[in-house]
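Written out below as structure tokens is the structure these notes cover.
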Amino acid sequence: MVISPSRTHPKETVQVLLKSAIRCFAKKGFDGTSIREIAAQAGKPISLIGYHFGDKEGLYLKCFQYFFEIFPQTPLDPIHTDMVSIHENPHLAAQALRAVVRAVVQDLFADDGDPLKEDFIGLFMQEMRSPRPSLHALYANRISERVRVAKGCIASLQPHLPDTEVSFIGQGIFGQCLIQRLASGMNALIWQPLPSSETPNVLADRIVDFALKGLGYQDGG
């Protein structure tokens with residue numbers, strides 16, 4: 001009697017399929033990747049994908065859930081998520097904005113060079129232009145607290161800005177974090193001289209200092 005590998009080692013089988021799927025989706029995108037290709041890359045029967053994930057959409061969603069589980073976010077100190085205090089205290093708002101950007105940058109650069117993370121970043125870059133509807137709730141859950149805090153900080157520092165402008169500035173700040181991670185090669189090619197290699201916190205502080213100056217904030221002022 002032949003025993004299915006999914007029955008003997010289901011967790012390991014699922015992980016192999018997910019890692020293979022992330023690699024394939026990163027190279028060809030959702031539409032360009034077939035279930036057959038993923039199974040072949042994993043060295044597993046194609047039937048196991050249906051057994052564990054249902055269909056390609058279910059597998060795609062699970063790829064993101066799996067990645068977010070094994071690469072959790074840097075937590076924020078509760079003092080930096082107290083929106084009432086942030087609204088009332090611009091200095092706390094500046095500190096909280098710095099904490100948020102540091103957390104974002106740390107997450108982007110954590111495990112730099114890990115093959116799975118590099119594959120996922122390639123996949124995420126494809127998602128940035130047109131996120132699949134099945135992932136909308138997952139993204140919102142992943143990033144909502146940081147967006148909420150960042151918007152609250154910006155509004156505290158510039159209370160007369162309309163919500164659309166607050167969102168635009170927030171997008172710019174988060175975009176700076178992403179461009180530093182995703183376009184390092186192009187930055188090195190076209191921007192000279194470059195600053196010396198920095199820790200994620202130093203890089204985050206550069207981004208925040210630039211943003212705070214634009215928002216008219218002066219420490220102690």
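Identifiers in this document derive from the order of the structure tokens: chains are assigned A, B, ..., residues are numbered from 1 separately in each chain, and ligands are numbered from 1 in order of occurrence.
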
| query | Lys28 of chain A: which residues within 12 Å, counting only C-alpha atoms, same-chain residues fewer than 3 positions away excluded, as a PyMOL selection string? | reply | chain A and resi 21-25+31-34+37-38+119+122-123+126

Would you save the residues from that selection as a PDB file, in the first residue's frame, using C-alpha atoms?
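Heads up, here's the output in selection.pdb:
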```
ATOM      1  CA  ALA A  21       4.588  28.514  -5.528  1.00  0.00           C
ATOM      2  CA  ILE A  22       6.179  31.727  -4.259  1.00  0.00           C
ATOM      3  CA  ARG A  23       9.176  31.126  -6.517  1.00  0.00           C
ATOM      4  CA  CYS A  24       7.012  30.433  -9.578  1.00  0.00           C
ATOM      5  CA  PHE A  25       4.559  33.279  -8.966  1.00  0.00           C
ATOM      6  CA  ASP A  31      -1.779  34.504 -14.594  1.00  0.00           C
ATOM      7  CA  GLY A  32       1.439  33.223 -16.126  1.00  0.00           C
ATOM      8  CA  THR A  33       1.951  30.404 -13.619  1.00  0.00           C
ATOM      9  CA  SER A  34       0.225  27.046 -13.853  1.00  0.00           C
ATOM     10  CA  GLU A  37       4.517  24.149 -13.022  1.00  0.00           C
ATOM     11  CA  ILE A  38       4.306  24.621  -9.263  1.00  0.00           C
ATOM     12  CA  ASP A 119      11.377  35.502  -4.035  1.00  0.00           C
ATOM     13  CA  GLY A 122       9.654  39.824  -6.396  1.00  0.00           C
ATOM     14  CA  LEU A 123       6.088  38.599  -6.002  1.00  0.00           C
ATOM     15  CA  GLN A 126       3.983  42.499  -8.979  1.00  0.00           C
TER      16      GLN A 126
END
```

| request: Enumerate, as number ranges by chain, the complete set of residues in segment 72-112 of chain A that a backbone-based DSSP assignment places in alpha helix (DSSP H). | output: A: 83-88, 90-109

| said: Env of Gly43 of chain A: 12 Å cut, atoms = only C-alpha atoms, seq-sep filter 5 positions within chain, self excluded. Answer as a PyMOL selection string. | reply: chain A and resi 5+13+16-17+19-21+36-38+48-49

Write the selection just made, keeping N, CA and C atoms, as a short mmCIF file (atom, residue, chain, number, x, y, z; two decimals), in the first residue's frame?
```cif
data_model
loop_
_atom_site.label_atom_id
_atom_site.label_comp_id
_atom_site.auth_asym_id
_atom_site.auth_seq_id
_atom_site.Cartn_x
_atom_site.Cartn_y
_atom_site.Cartn_z
N PRO A 5 2.46 11.13 0.66
CA PRO A 5 3.37 11.97 1.43
C PRO A 5 2.66 13.06 2.20
N THR A 13 5.08 18.93 3.43
CA THR A 13 4.58 18.96 2.06
C THR A 13 4.00 20.32 1.72
N VAL A 16 6.81 22.89 1.25
CA VAL A 16 7.50 22.72 -0.03
C VAL A 16 6.66 23.29 -1.16
N LEU A 17 5.37 23.03 -1.14
CA LEU A 17 4.47 23.55 -2.18
C LEU A 17 4.40 25.07 -2.13
N LYS A 19 6.65 27.25 -0.89
CA LYS A 19 7.92 27.85 -1.32
C LYS A 19 8.07 27.77 -2.83
N SER A 20 7.67 26.65 -3.40
CA SER A 20 7.74 26.50 -4.85
C SER A 20 6.77 27.46 -5.54
N ALA A 21 5.57 27.61 -4.96
CA ALA A 21 4.59 28.51 -5.53
C ALA A 21 5.07 29.96 -5.49
N ARG A 36 0.47 23.07 -12.65
CA ARG A 36 1.37 21.99 -13.06
C ARG A 36 2.83 22.40 -12.86
N GLU A 37 3.15 23.66 -13.20
CA GLU A 37 4.52 24.15 -13.02
C GLU A 37 4.92 24.14 -11.54
N ILE A 38 4.01 24.57 -10.70
CA ILE A 38 4.31 24.62 -9.26
C ILE A 38 4.55 23.21 -8.72
N LEU A 48 -1.95 17.16 -4.97
CA LEU A 48 -1.76 17.66 -3.61
C LEU A 48 -2.08 19.15 -3.50
N ILE A 49 -1.96 19.88 -4.59
CA ILE A 49 -2.30 21.30 -4.54
C ILE A 49 -3.80 21.47 -4.33
#
```

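Each of A:Ile179, A:Ala39, A:Phe71, A:Ser167 was checked against Asp111 of chain A using only C-alpha atoms; the smallest atom-to-atom distance is that of A:Phe71.
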
| message | Using only C-alpha atoms for the distances, tell me which of A:Leu92, A:Val100, A:Asp55, A:Ile154 is nearest to Lys213 of chain A. | response |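 The answer is A:Ile154, which sits nearest to Lys213 of chain A.
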
| Any idea what's packed within 9 Å of Ala99 of chain A, counting only C-alpha atoms, ignoring anything in its chain fewer than 6 positions away? Could you give it as a count of residues only? | 4

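Proximity ranking of A:Leu178, A:Leu215, A:Leu203, A:Ile35 relative to Tyr60 of chain A places A:Ile35 first, based on only C-alpha atoms.
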